[in-house]
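K.L.:
Got a file for you: protein_22.txt, compact mmCIF, C-alpha atoms.
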# COMPACT_ATOMS: atom_id res chain seq x y z
CA MET A 1 -37.78 285.33 160.32
CA SER A 2 -37.75 288.15 157.80
CA GLY A 3 -40.32 288.17 155.03
CA GLU A 4 -37.70 287.13 152.51
CA THR A 5 -36.53 284.21 154.63
CA GLU A 6 -40.12 283.11 155.28
CA THR A 7 -40.79 283.01 151.57
CA ALA A 8 -37.71 280.87 150.96
CA PHE A 9 -38.63 278.55 153.83
CA GLU A 10 -42.15 278.21 152.48
CA GLY A 11 -40.62 277.28 149.13
CA VAL A 12 -38.87 274.36 150.84
CA LEU A 13 -42.17 273.33 152.44
CA ARG A 14 -43.92 273.43 149.07
CA GLN A 15 -41.17 271.29 147.58
CA ILE A 16 -41.61 268.78 150.42
CA ASP A 17 -45.36 268.77 149.88
CA ASP A 18 -44.90 268.15 146.14
CA THR A 19 -42.13 265.54 146.18
CA VAL A 20 -41.95 263.84 149.60
CA PRO A 21 -44.69 261.56 151.05
CA PHE A 22 -45.07 263.78 154.09
CA GLU A 23 -47.65 266.45 155.04
CA PRO A 24 -45.69 269.48 156.33
CA GLY A 25 -48.87 271.48 156.84
CA TYR A 26 -49.87 269.30 159.80
CA TYR A 27 -46.65 269.88 161.76
CA ASN A 28 -45.64 272.92 163.76
CA GLU A 29 -43.14 275.21 162.07
CA SER A 30 -40.48 275.06 164.77
CA TYR A 31 -40.26 271.27 164.43
CA LEU A 32 -39.99 271.48 160.63
CA ASP A 33 -37.39 274.23 160.83
CA ARG A 34 -35.17 272.21 163.20
CA ARG A 35 -35.22 269.12 161.00
CA ILE A 36 -34.73 271.01 157.73
CA THR A 37 -31.91 273.12 159.17
CA ALA A 38 -30.15 269.98 160.36
CA ARG A 39 -30.27 268.54 156.84
CA MET A 40 -29.03 271.83 155.36
CA ARG A 41 -26.00 271.68 157.64
CA ARG A 42 -25.33 268.08 156.65
CA ARG A 43 -25.41 269.05 152.98
CA ASP A 44 -23.49 272.30 153.53
CA THR A 45 -26.24 274.42 151.98
CA GLU A 46 -26.42 278.02 153.17
CA SER A 47 -29.87 279.14 152.06
CA HIS A 48 -33.37 277.75 151.77
CA GLU A 49 -33.35 278.58 148.06
CA GLU A 50 -30.28 276.40 147.57
CA TYR A 51 -31.81 273.59 149.60
CA GLU A 52 -35.05 273.78 147.63
CA ARG A 53 -33.05 273.27 144.40
CA LEU A 54 -31.29 270.32 146.02
CA LEU A 55 -34.60 268.71 146.89
CA ARG A 56 -35.84 269.13 143.32
CA GLU A 57 -32.74 267.49 141.84
CA ASP A 58 -31.53 264.90 144.38
CA ASP A 59 -33.61 261.77 145.05
CA ASP A 60 -31.28 260.70 147.86
CA GLU A 61 -31.72 263.99 149.71
CA ARG A 62 -35.50 263.74 149.49
CA GLU A 63 -35.27 260.31 151.07
CA ALA A 64 -32.86 261.55 153.73
CA LEU A 65 -35.14 264.46 154.58
CA MET A 66 -38.11 262.11 154.81
CA ASP A 67 -36.21 260.03 157.35
CA ALA A 68 -35.23 263.16 159.29
CA LEU A 69 -38.81 264.43 159.41
CA THR A 70 -40.32 261.13 160.54
CA ILE A 71 -37.66 259.85 162.94
CA ASN A 72 -38.80 259.42 166.53
CA VAL A 73 -36.76 259.04 169.68
CA THR A 74 -37.56 255.53 170.89
CA GLU A 75 -36.24 252.76 173.06
CA PHE A 76 -37.36 249.49 174.59
CA PHE A 77 -39.67 250.10 177.56
CA ARG A 78 -39.36 253.86 177.36
CA ASN A 79 -40.82 255.37 180.55
CA PRO A 80 -40.87 252.07 182.53
CA GLU A 81 -43.61 253.26 184.90
CA MET A 82 -46.05 253.43 181.98
CA TRP A 83 -45.22 249.84 181.11
CA GLU A 84 -46.22 248.72 184.60
CA VAL A 85 -49.62 250.29 184.01
CA LEU A 86 -49.87 248.59 180.60
CA ARG A 87 -48.94 245.28 182.23
CA GLY A 88 -52.13 245.53 184.29
CA VAL A 89 -54.18 246.38 181.21
CA LEU A 90 -52.90 243.32 179.33
CA ARG A 91 -53.46 241.06 182.35
CA GLU A 92 -57.05 242.26 182.60
CA ARG A 93 -57.83 242.02 178.90
CA THR A 94 -56.29 238.60 178.26
CA GLY A 95 -57.86 237.34 181.50
CA GLU A 96 -61.26 237.99 179.94
CA GLN A 97 -60.50 235.22 177.41
CA ARG A 98 -60.50 237.62 174.51
CA ARG A 99 -58.21 238.57 171.67
CA VAL A 100 -56.30 241.73 172.54
CA ARG A 101 -55.21 243.89 169.62
CA VAL A 102 -52.53 246.52 170.23
CA TRP A 103 -51.51 249.24 167.79
CA SER A 104 -48.22 251.14 168.11
CA ALA A 105 -48.53 254.21 165.88
CA PRO A 106 -46.04 255.49 164.99
CA SER A 107 -43.71 252.60 165.79
CA ALA A 108 -40.41 254.03 164.44
CA ASP A 109 -37.76 251.28 164.49
CA GLY A 110 -40.03 248.74 166.17
CA ARG A 111 -38.84 248.85 169.75
CA GLU A 112 -42.21 249.90 171.15
CA PRO A 113 -44.30 247.11 169.56
CA TYR A 114 -41.59 244.57 170.41
CA SER A 115 -41.71 245.83 174.00
CA VAL A 116 -45.44 245.06 174.09
CA ALA A 117 -44.80 241.54 172.79
CA MET A 118 -41.92 240.95 175.22
CA LEU A 119 -44.01 242.15 178.13
CA ALA A 120 -46.79 239.76 177.16
CA CYS A 121 -44.37 236.84 176.93
CA ASP A 122 -42.52 237.75 180.14
CA ASP A 123 -45.50 238.10 182.47
CA PRO A 124 -47.03 234.76 183.57
CA GLU A 125 -50.37 236.49 184.18
CA ILE A 126 -50.64 237.64 180.57
CA ASP A 127 -51.79 235.11 177.97
CA GLU A 128 -49.54 236.09 175.07
CA SER A 129 -51.39 233.72 172.72
CA ARG A 130 -54.27 236.24 172.80
CA VAL A 131 -52.10 239.29 172.05
CA GLU A 132 -51.67 240.69 168.53
CA VAL A 133 -49.44 243.72 167.97
CA LEU A 134 -49.35 246.01 164.95
CA GLY A 135 -46.55 248.50 164.46
CA SER A 136 -47.07 251.14 161.79
CA ASP A 137 -45.06 254.05 160.53
CA ILE A 138 -44.88 256.45 157.61
CA SER A 139 -41.22 255.58 156.95
CA GLU A 140 -40.52 252.47 154.89
CA GLU A 141 -36.89 252.48 156.02
CA ALA A 142 -37.94 252.48 159.67
CA LEU A 143 -40.30 249.57 159.00
CA ASP A 144 -37.60 247.60 157.19
CA ASN A 145 -35.36 248.03 160.23
CA ALA A 146 -38.22 247.03 162.53
CA ARG A 147 -38.95 243.84 160.61
CA GLU A 148 -35.27 242.91 160.79
CA GLY A 149 -35.40 243.34 164.57
CA VAL A 150 -31.67 244.01 165.01
CA TYR A 151 -30.52 246.73 167.42
CA HIS A 152 -27.09 247.97 168.42
CA THR A 153 -25.71 249.58 171.52
CA THR A 154 -24.12 252.92 170.63
CA ARG A 155 -22.76 255.94 172.42
CA THR A 156 -26.32 257.13 173.01
CA THR A 157 -28.23 253.84 173.14
CA ASP A 158 -27.67 251.07 175.70
CA ILE A 159 -29.90 248.21 174.57
CA ALA A 160 -29.06 245.97 177.55
CA ALA A 161 -30.15 248.73 179.94
CA GLU A 162 -33.37 249.27 177.99
CA LEU A 163 -34.28 245.58 178.43
CA GLU A 164 -33.76 245.55 182.20
CA PRO A 165 -37.52 245.57 182.99
CA LEU A 166 -37.66 241.98 181.69
CA SER A 167 -37.07 239.08 184.06
CA ASP A 168 -34.76 237.34 181.57
CA PRO A 169 -33.93 239.41 178.46
CA ASP A 170 -32.00 236.51 176.90
CA ARG A 171 -35.32 234.73 176.38
CA TYR A 172 -36.39 237.45 173.98
CA VAL A 173 -33.23 238.69 172.29
CA GLU A 174 -30.12 236.94 171.04
CA ARG A 175 -27.05 238.94 171.96
CA ASP A 176 -23.79 239.04 170.02
CA GLY A 177 -21.53 241.58 171.70
CA GLU A 178 -23.37 244.87 171.40
CA THR A 179 -25.82 243.60 168.76
CA PHE A 180 -29.26 242.35 169.81
CA GLN A 181 -31.56 240.30 167.57
CA VAL A 182 -35.22 239.98 168.60
CA ARG A 183 -36.05 236.28 168.78
CA SER A 184 -38.66 234.72 166.49
CA GLU A 185 -41.08 233.91 169.32
CA VAL A 186 -41.39 237.65 169.93
CA GLN A 187 -41.46 238.62 166.27
CA ARG A 188 -44.36 236.26 165.57
CA LEU A 189 -46.61 238.41 167.75
CA VAL A 190 -45.87 241.60 165.80
CA ASP A 191 -46.81 242.73 162.28
CA PHE A 192 -45.60 245.91 160.63
CA GLU A 193 -47.42 248.00 158.03
CA THR A 194 -47.04 251.37 156.37
CA HIS A 195 -49.62 253.81 157.68
CA ASP A 196 -49.82 257.59 157.68
CA LEU A 197 -51.96 258.73 160.60
CA ILE A 198 -52.74 261.96 158.79
CA ARG A 199 -53.48 260.73 155.29
CA ASP A 200 -54.70 257.16 155.83
CA GLY A 201 -57.21 257.66 158.63
CA ALA A 202 -58.54 255.14 161.13
CA ARG A 203 -57.89 251.42 161.41
CA ASP A 204 -60.13 248.60 162.60
CA PRO A 205 -60.80 249.02 166.33
CA PHE A 206 -57.96 248.12 168.68
CA ASP A 207 -58.07 247.32 172.38
CA VAL A 208 -54.95 249.40 173.02
CA VAL A 209 -53.54 252.26 170.93
CA LEU A 210 -50.13 253.72 171.76
CA CYS A 211 -49.48 257.09 170.14
CA ARG A 212 -46.65 258.55 172.17
CA ASN A 213 -44.70 261.70 171.41
CA LEU A 214 -46.27 262.52 168.05
CA LEU A 215 -48.93 265.02 169.12
CA ILE A 216 -46.27 267.39 170.48
CA TYR A 217 -45.05 267.94 166.91
CA ILE A 218 -48.46 268.43 165.31
CA ASP A 219 -49.73 271.95 164.67
CA VAL A 220 -52.51 272.88 167.07
CA ASP A 221 -55.02 273.35 164.22
CA HIS A 222 -54.66 269.71 163.19
CA LYS A 223 -54.48 267.89 166.52
CA GLY A 224 -58.23 267.45 166.54
CA ALA A 225 -58.21 265.61 163.20
CA LEU A 226 -55.41 263.33 164.40
CA PHE A 227 -57.33 262.61 167.59
CA ASP A 228 -60.38 261.75 165.47
CA THR A 229 -58.28 259.07 163.81
CA LEU A 230 -57.07 257.68 167.13
CA GLU A 231 -60.58 257.63 168.58
CA ALA A 232 -62.06 255.93 165.55
CA SER A 233 -59.35 253.26 165.87
CA LEU A 234 -60.22 252.49 169.52
CA ALA A 235 -62.67 249.84 170.63
CA ASP A 236 -65.56 251.13 172.76
CA ASP A 237 -63.66 250.37 175.98
CA GLY A 238 -60.22 250.72 174.40
CA VAL A 239 -57.14 252.08 176.12
CA LEU A 240 -55.22 255.06 174.73
CA VAL A 241 -51.59 255.70 175.73
CA LEU A 242 -50.05 259.10 175.03
CA GLY A 243 -46.58 260.54 175.59
CA MET A 244 -45.61 261.80 179.03
CA THR A 245 -45.89 265.46 177.94
CA GLU A 246 -49.15 264.98 176.02
CA SER A 247 -52.75 264.91 177.14
CA VAL A 248 -56.30 264.36 175.92
CA PRO A 249 -57.66 267.66 174.53
CA PRO A 250 -59.92 269.39 177.06
CA ASP A 251 -62.96 269.25 174.76
CA ARG A 252 -62.66 265.43 174.69
CA SER A 253 -61.84 264.76 178.33
CA ASP A 254 -65.37 263.51 179.05
CA ARG A 255 -64.76 260.65 176.61
CA TYR A 256 -61.92 259.16 178.66
CA ASP A 257 -61.36 257.94 182.19
CA PRO A 258 -57.76 258.04 183.37
CA ILE A 259 -56.39 254.62 184.27
CA ASP A 260 -53.24 256.46 185.30
CA LYS A 261 -53.31 260.14 184.42
CA ARG A 262 -49.68 260.76 185.34
CA ARG A 263 -48.51 257.99 183.01
CA ARG A 264 -50.97 259.15 180.33
CA VAL A 265 -53.00 255.93 180.13
CA PHE A 266 -56.73 256.48 179.48
CA ARG A 267 -59.76 254.25 178.98
CA ARG A 268 -62.38 255.27 176.45
CA VAL A 269 -65.88 255.61 177.89
Using structure tokens, write down the structure from this file.

P.N.:
Amino acid sequence: MSGETETAFEGVLRQIDDTVPFEPGYYNESYLDRRITARMRRRDTESHEEYERLLREDDDEREALMDALTINVTEFFRNPEMWEVLRGVLRERTGEQRRVRVWSAPSADGREPYSVAMLACDDPEIDESRVEVLGSDISEEALDNAREGVYHTTRTTDIAAELEPLSDPDRYVERDGETFQVRSEVQRLVDFETHDLIRDGARDPFDVVLCRNLLIYIDVDHKGALFDTLEASLADDGVLVLGMTESVPPDRSDRYDPIDKRRRVFRRV
């Protein structure tokens, strides 16, 4: 970028910081630039200065940008091999006759926390009555969609294929053509709350924390602070699940034993 363009881009970032409930300073610049540029194309704005004015004046665009910045690629049972590892974790934990608390953060449209609940209900060796799942996200719109629990097959999303790891998907979703409604017996295991991992800090300790495919977007200078939040939210022997291209920072590796390093499932020690 030229100096002039950088200044204009920084003006957009300042406007986001001032008017949108999102912390741009924690995210790497290439990620922010991709998402902002996509919105500029949608609104047919040709310069960052013009887009900054639009953000100041248009409530709807601020909301749309918020959604663009916080959206995550998600699906039911994404990376199925990881879910087989998690199956063993849930069998072990519920077999110890204990309550097992699972946190999906961020949970986007709810498919990850619902996958946890479906897995618990589907496996006869998991006592689902002991499993509690929390899905959290920074986006209120995403959480509203998650609570509704309705998903649609589209050109890029095949919900039926995503549910194939289940022995009988019809037990857990009600299908009407290409629309899938999560059944109430699954929804009762899952709560959803607004939570900003950067601003709001740690939660009460969980037995399992899934934080997949967020760290790759966080600026390197702030990954440590985010990991502090995740660690403080883990029980002493809690299990941390990261995205397939993410890893525990080297200076913290002695705090975790890999349950399955390739699938990015770690036990806190």

K.L.:
Set the distance at 7 Å and use all atoms listed in the file: which residues neighbour region 133-149 of chain A once local chain neighbours fewer than 4 positions away are removed? I'd like the list as JSON, numbers by chain.

P.N.:
{"A": [67, 70, 101, 102, 103, 104, 105, 106, 107, 108, 109, 110, 113, 181, 182, 189, 190, 191, 192, 193, 194, 195, 196]}

K.L.:
Check which residues of region 17-131 of chain A sit at most 9 Å from region 167-178 of chain A using only C-alpha atoms, and return one row each with the closest pair of atoms and their distance in Å to one decimal, ordered by chain and rising number, as CSV.

P.N.:
residue,atom,partner,partner_atom,distance
A:Met118,CA,A:Tyr172,CA,6.7
A:Cys121,CA,A:Tyr172,CA,8.5
A:Asp122,CA,A:Ser167,CA,6.8
A:Asp123,CA,A:Ser167,CA,8.6

K.L.:
Using only C-alpha atoms, determine which residues lie at most 8 Å from Asp207 (chain A), disregarding the query and same-chain residues fewer than 6 positions distant; provide the list as a count of residues only.

P.N.:
8

K.L.:
Just how far from CA of Met82 (chain A) is CA of Met244 (chain A), in Å to one decimal?

P.N.:
8.9 Å

K.L.:
Go through A:Arg267, A:His48, A:Lys261, A:Lys223 and flag the residue nearest Tyr26 (chain A), using all atoms listed in the file for the distances.

P.N.:
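Among A:Arg267, A:His48, A:Lys261, A:Lys223, it is A:Lys223 that comes nearest to Tyr26 (chain A).
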
K.L.:
Using CA of Arg56 (chain A) and CA of Val20 (chain A) as the two end points, give the distance in Å to one decimal.

P.N.:
10.2 Å

K.L.:
Hey, what's within 12 Å of Tyr256 (chain A) if we count all atoms listed in the file and toss same-chain stuff fewer than 3 positions away? As a compact mmCIF listing (two decimals) with C-alpha atoms, in the coordinates of the input, please?

P.N.:
# COMPACT_ATOMS: atom_id res chain seq x y z
CA GLU A 231 -60.58 257.63 168.58
CA LEU A 234 -60.22 252.49 169.52
CA ASP A 236 -65.56 251.13 172.76
CA ASP A 237 -63.66 250.37 175.98
CA GLY A 238 -60.22 250.72 174.40
CA VAL A 239 -57.14 252.08 176.12
CA LEU A 240 -55.22 255.06 174.73
CA VAL A 241 -51.59 255.70 175.73
CA SER A 247 -52.75 264.91 177.14
CA VAL A 248 -56.30 264.36 175.92
CA PRO A 249 -57.66 267.66 174.53
CA PRO A 250 -59.92 269.39 177.06
CA ASP A 251 -62.96 269.25 174.76
CA ARG A 252 -62.66 265.43 174.69
CA SER A 253 -61.84 264.76 178.33
CA ILE A 259 -56.39 254.62 184.27
CA ASP A 260 -53.24 256.46 185.30
CA LYS A 261 -53.31 260.14 184.42
CA ARG A 264 -50.97 259.15 180.33
CA VAL A 265 -53.00 255.93 180.13
CA PHE A 266 -56.73 256.48 179.48
CA ARG A 267 -59.76 254.25 178.98
CA ARG A 268 -62.38 255.27 176.45
CA VAL A 269 -65.88 255.61 177.89

K.L.:
Using only C-alpha atoms and a cutoff of 9 Å, can you tell me which residues are near (-32.8, 278.6, 150.0) in the file's coordinates, and write them out as an MDAnalysis selection string?

P.N.:
chainID A and resid 5 8:9 11:12 45:53

K.L.:
Extract, using all atoms listed in the file, all DNA, RNA and protein residues at most 12 Å from Glu84 (chain A), discarding same-chain residues fewer than 2 positions from it, and format them as a PyMOL selection string.

P.N.:
chain A and resi 77-82+86-91+115-116+119-120+123+165-166+259-260+263+265

K.L.:
As an exercise, work out the distance from CA of Arg39 (chain A) to CA of Asp60 (chain A) in Å and give it to one decimal place.

P.N.:
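Going from CA of Arg39 (chain A) over to CA of Asp60 (chain A) covers 12.0 Å.
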
K.L.:
From the set A:Glu23, A:Glu29, A:Glu10, A:Glu185, which residue has the shortest atom-to-atom contact distance to Asp219 (chain A), counting only C-alpha atoms?

P.N.:
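Of A:Glu23, A:Glu29, A:Glu10, A:Glu185, the one nearest Asp219 (chain A), counting only C-alpha atoms, is A:Glu29.
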
K.L.:
Would you list the residues near (-27.7, 266.9, 159.9) (no more than 12 Å away, in the coordinates of the file, using only C-alpha atoms) as a PyMOL selection string?

P.N.:
chain A and resi 34-45+61+64-65+67-69

K.L.:
Residues near Thr157 (chain A), anyone? I mean within 10 Å using all atoms listed in the file, not counting same-chain ones fewer than 5 positions away, as a list in words.

P.N.:
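The neighbour list is Thr74, Glu75, Tyr151, His152 and Glu162 of chain A.
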
K.L.:
Draw an axis-aligned box over all listed atoms of region 77-94 of chain A, pad each side with 8 Å, and write its centre and edge lengths in Å, one decimal, as JSON.

P.N.:
{"center_x": -48.6, "center_y": 247.0, "center_z": 181.1, "size_x": 34.5, "size_y": 32.8, "size_z": 23.5}

K.L.:
Looking at A:Leu13, A:Leu242, A:Ala232, A:Leu163, which one is nearest to Asn213 (chain A), with distances taken over all atoms listed in the file?

P.N.:
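Among A:Leu13, A:Leu242, A:Ala232, A:Leu163, it is A:Leu242 that comes nearest to Asn213 (chain A).
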